[in-house]
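Q: To start, I am sharing the structure in question, which I have written as structure tokens.
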Amino acid sequence: DGGITQSPKYLFRKEGQNVTLSCEQNLNHDAMYWYRQDPGQGLRLIYYSQIVNDFQKGDIAEGYSVSREKKESFPLTVTSAQKNPTAFYLCASSKGLAGQTYEQYFGPGTRLTVT
Amino acid sequence: SQELEQSPQSLIVQEGKNLTINCTSSKTLYGLYWYKQKYGEGLIFLMMLQKGGEEKSHEKITAKLDEKKQQSSLHITASQPSHAGIYLCGAYRNSGGSNYKLTFGKGTLLTVNP
């Protein structure tokens with residue numbers, strides 16, 4: 001079955017530690033995205049990537065970093081510089097970034113708690 | 001300011017009742033997406049509307065796009081407990097050149113009481 005996997009489902013970290021969230025897709029999609037979801041704020045775009053070895057900042061990129069070394073993988077690192085890292089993180093992918101015609105498919109999400 | 005406003009923010013209905021969720025854009029809509037989310041899970045794609053006046057249906061869910069009003073509505077007929085969840089609308093915005101970003105509304109929480 002094709003789809004997007006995120007691991008782990010729940011992640012706990014101490015303040016000051018960097019943590020990397022995994023996202024893998026086998027849909028052969030070119031574009032991948034990371035969103036953050038907080039109660040009452042909806043989804044906000046962190047980073048996105050159109051092709052391998054290329055990525056762009058979204059609306060709230062500060063304190064986060066990404067890499068796109070393989071088409072299938074788009075890991076997100078939450079650094080210690082992120083002031084409020086506790087949130088639900090969603091990864092998505094689409095065929096391309098041409099906009100209107102490509103729906104995004106989402107993974108199951110990772111809930112990160114930093115104490 | 002929020003580009004996509006959803007109303008109502010939350011909705012509680014009795015099983016079997018019809019309901020409508022609205023999504024209004026502050027900018028011209030070139031296409032609109034509806035997603036459903038169960039709490040703590042990922043988003044499930046429901047429908048995509050691209051043309052003014054377009055209407056699509058999937059089982060008991062119907063979505064319409066009114067470009068003149070910059071609004072889309074999602075209508076559920078004879079609601080069931082399985083319809084419960086958070087419904088989000090999304091629209092693409094040009095982020096420079098040929099790049100687009102998907103912007104979401106804050107969602108509508110639907111509860112269906114048996």
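Following the order of the structure tokens, chains are lettered A, B, ..., residues in each are numbered from 1, and ligands are numbered from 1.
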Kindly provide the residues of chain B that approach chain A to within 8 Å, each paired with its closest atom pair and their distance in Å to one decimal, based on only C-alpha atoms, listed by chain and increasing number, as a tab-separated table.
A:
residue	atom	partner	partner_atom	distance
B:Tyr30	CA	A:Gln100	CA	7.0
B:Gly31	CA	A:Gln100	CA	5.8
B:Tyr33	CA	A:Glu103	CA	7.5
B:Gly40	CA	A:Gly109	CA	7.5
B:Glu41	CA	A:Pro108	CA	5.0
B:Gly42	CA	A:Pro108	CA	4.1
B:Leu43	CA	A:Phe106	CA	5.6
B:Ile44	CA	A:Phe106	CA	7.0
B:Phe45	CA	A:Tyr105	CA	6.9
B:Met48	CA	A:Glu103	CA	7.5
B:Gln50	CA	A:Gln100	CA	7.4
B:Tyr92	CA	A:Gly99	CA	6.1
B:Arg93	CA	A:Gly99	CA	7.9
B:Asn94	CA	A:Gly99	CA	7.9
B:Ser98	CA	A:Ala98	CA	6.5
B:Asn99	CA	A:Leu97	CA	6.1
B:Tyr100	CA	A:Gly99	CA	5.0
B:Lys101	CA	A:Gly99	CA	7.2
B:Leu102	CA	A:Gly99	CA	7.9
B:Thr103	CA	A:Arg44	CA	7.7
B:Phe104	CA	A:Leu43	CA	6.2
B:Gly105	CA	A:Gly42	CA	6.3
B:Lys106	CA	A:Gly42	CA	4.1
B:Gly107	CA	A:Gly42	CA	6.6
Q: How would the residues just chosen look if you wrote them out with C-alpha atoms as a PDB file, in the first residue's frame?
A:
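Contents of out-v6.pdb, as written:
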ATOM      1  CA  TYR B  30      -8.619  29.468  -7.386  1.00  0.00           C
ATOM      2  CA  GLY B  31      -9.297  26.107  -5.859  1.00  0.00           C
ATOM      3  CA  TYR B  33      -9.691  21.456  -0.694  1.00  0.00           C
ATOM      4  CA  GLY B  40      -4.531  13.013  16.998  1.00  0.00           C
ATOM      5  CA  GLU B  41      -4.392  11.666  13.466  1.00  0.00           C
ATOM      6  CA  GLY B  42      -3.452  12.873  10.016  1.00  0.00           C
ATOM      7  CA  LEU B  43      -5.702  14.619   7.514  1.00  0.00           C
ATOM      8  CA  ILE B  44      -7.807  12.606   5.100  1.00  0.00           C
ATOM      9  CA  PHE B  45      -8.435  14.188   1.703  1.00  0.00           C
ATOM     10  CA  MET B  48     -11.081  19.275  -4.365  1.00  0.00           C
ATOM     11  CA  GLN B  50     -11.513  24.110  -8.796  1.00  0.00           C
ATOM     12  CA  TYR B  92      -3.482  27.375  -2.492  1.00  0.00           C
ATOM     13  CA  ARG B  93      -1.810  30.773  -2.445  1.00  0.00           C
ATOM     14  CA  ASN B  94       0.957  31.876  -4.755  1.00  0.00           C
ATOM     15  CA  SER B  98       5.246  29.153  -9.907  1.00  0.00           C
ATOM     16  CA  ASN B  99       5.290  28.101  -6.267  1.00  0.00           C
ATOM     17  CA  TYR B 100       2.140  27.736  -4.250  1.00  0.00           C
ATOM     18  CA  LYS B 101       1.484  27.084  -0.557  1.00  0.00           C
ATOM     19  CA  LEU B 102      -1.578  25.402   0.874  1.00  0.00           C
ATOM     20  CA  THR B 103      -3.209  27.575   3.546  1.00  0.00           C
ATOM     21  CA  PHE B 104      -5.744  26.075   5.939  1.00  0.00           C
ATOM     22  CA  GLY B 105      -8.655  27.321   7.949  1.00  0.00           C
ATOM     23  CA  LYS B 106      -8.654  26.595  11.681  1.00  0.00           C
ATOM     24  CA  GLY B 107     -11.150  23.786  11.302  1.00  0.00           C
TER      25      GLY B 107
END
Q: Could you list, as a PyMOL selection string, every residue within 8 Å of Arg68 of chain A, counting only C-alpha atoms and ignoring same-chain residues fewer than 2 positions away?
A: chain A and resi 49+51-55+66+70-71+73-75
Q: Give me a file of those residues, with N, CA, C and O atoms, as a compact mmCIF listing (two decimals), in the first residue's frame.
A:
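The result, stored in result.txt:
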# COMPACT_ATOMS: atom_id res chain seq x y z
N SER A 49 9.62 21.03 0.25
CA SER A 49 10.66 20.66 -0.70
C SER A 49 10.00 20.21 -2.01
O SER A 49 9.08 19.41 -2.00
N ILE A 51 11.98 19.18 -4.82
CA ILE A 51 12.82 18.14 -5.41
C ILE A 51 13.93 17.79 -4.44
O ILE A 51 14.18 18.51 -3.45
N VAL A 52 14.62 16.72 -4.72
CA VAL A 52 15.74 16.28 -3.89
C VAL A 52 16.80 17.38 -3.82
O VAL A 52 17.06 18.08 -4.80
N ASN A 53 17.36 17.53 -2.63
CA ASN A 53 18.43 18.50 -2.36
C ASN A 53 17.98 19.95 -2.49
O ASN A 53 18.82 20.85 -2.67
N ASP A 54 16.68 20.18 -2.41
CA ASP A 54 16.16 21.54 -2.45
C ASP A 54 15.00 21.67 -1.48
O ASP A 54 14.14 20.78 -1.43
N PHE A 55 14.96 22.75 -0.71
CA PHE A 55 13.84 22.98 0.19
C PHE A 55 13.74 24.48 0.47
O PHE A 55 14.72 25.23 0.31
N VAL A 66 15.65 20.99 7.97
CA VAL A 66 15.24 19.81 7.20
C VAL A 66 16.35 19.41 6.25
O VAL A 66 17.32 20.15 6.03
N LYS A 70 16.96 12.14 -0.22
CA LYS A 70 16.28 11.13 -1.04
C LYS A 70 14.87 11.59 -1.33
O LYS A 70 14.26 12.29 -0.52
N LYS A 71 14.33 11.17 -2.45
CA LYS A 71 12.98 11.56 -2.84
C LYS A 71 11.96 11.09 -1.82
O LYS A 71 10.96 11.75 -1.56
N SER A 73 12.29 10.61 1.46
CA SER A 73 12.49 10.97 2.85
C SER A 73 12.65 12.47 3.05
O SER A 73 13.35 13.15 2.28
N PHE A 74 12.01 12.99 4.12
CA PHE A 74 12.08 14.43 4.41
C PHE A 74 12.07 14.61 5.92
O PHE A 74 11.07 15.04 6.51
N PRO A 75 13.18 14.33 6.61
CA PRO A 75 13.21 14.44 8.06
C PRO A 75 13.24 15.89 8.54
O PRO A 75 13.82 16.76 7.89
Q: Atom CA of Gly90 of chain B to atom CA of Cys23 of chain B: how many Å, to one decimal?
A: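 That distance, rounded to one decimal, is 8.8 Å.
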